[in-house]
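Colleague: Below are the structure tokens for one structure; questions will follow.
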Amino acid sequence: MTKVLCIRFVEEYSIMYELKKYSNYSQVQRLANHYNVGKVHISTRKDKKYMVESPQGEMIHFGQLPYEDFTKHKDPERRRLFQIRNAKWKTAPKYTPRWLAYYLLW
């Protein structure tokens, strides 16, 4: 049992270490609180950054790894270009990957 817990801890630590290269978890959580989205979790999918639980109980995964988002690079020009390129995401339903990426990551 202890060996399994140690392996799981090492896996979670390595995932967090990898995620820190591309995003700022604490800033994403602050934005989630601002928009009343709830708790942001590290995604269980290896190609996604985060997940949140919808009101229906479904886990919504969002944020593509290994790409940086605005919470990490802080480049206003990249943010502006992303928002132009994905302008339709602004009006997407709240608990969709598009809405979550647009408002929490960019």
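Labeling convention for the structure tokens: chains A, B, ... as they appear, residues from 1 per chain, ligands from 1 in order of appearance.
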Would you pick out the contacts of Ser23 (chain A) at 9 Å or less, using only C-alpha atoms, so that residues sharing its chain but fewer than 5 positions from it are not included, and give the list as a ChimeraX atom specification?
Modeller: /A:28,49,67-73,105
Colleague: Give me a file of those residues, with C-alpha atoms, as a short mmCIF file (atom, residue, chain, number, x, y, z; two decimals), in the first residue's frame.
Modeller:
```cif
data_model
loop_
_atom_site.label_atom_id
_atom_site.label_comp_id
_atom_site.auth_asym_id
_atom_site.auth_seq_id
_atom_site.Cartn_x
_atom_site.Cartn_y
_atom_site.Cartn_z
CA VAL A 28 -6.14 29.91 -12.95
CA LYS A 49 -3.73 20.99 -18.26
CA TYR A 67 1.54 25.13 -24.95
CA GLU A 68 1.97 28.18 -22.75
CA ASP A 69 -1.04 30.28 -21.90
CA PHE A 70 -1.31 33.92 -20.80
CA THR A 71 -1.05 32.97 -17.11
CA LYS A 72 2.54 31.93 -17.83
CA HIS A 73 3.97 34.11 -20.61
CA LEU A 105 -6.18 30.69 -19.38
#
```
Colleague: Please determine, counting only C-alpha atoms, which residue among A:Lys48, A:Lys90, A:Arg98, A:His34 has the shortest atom-to-atom distance to Ile15 (chain A).
Modeller: A:Lys48
Colleague: Using only C-alpha atoms for the distances, tell me which of A:Tyr95, A:Ala101, A:Leu81, A:Glu18 is nearest to Val37 (chain A).
Modeller: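 Selected residue with least distance to Val37 (chain A): A:Tyr95.
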Colleague: To one decimal place, how far is CA of Tyr102 (chain A) from CA of Met16 (chain A) in Å?
Modeller: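 About the pair CA of Tyr102 (chain A) and CA of Met16 (chain A): they are 21.6 Å apart.
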Colleague: I need the residue nearest Arg79 (chain A) from this list: A:Tyr17, A:Trp106, A:Asn33, A:Ser43. Use only C-alpha atoms for the distance.
Modeller: A:Trp106
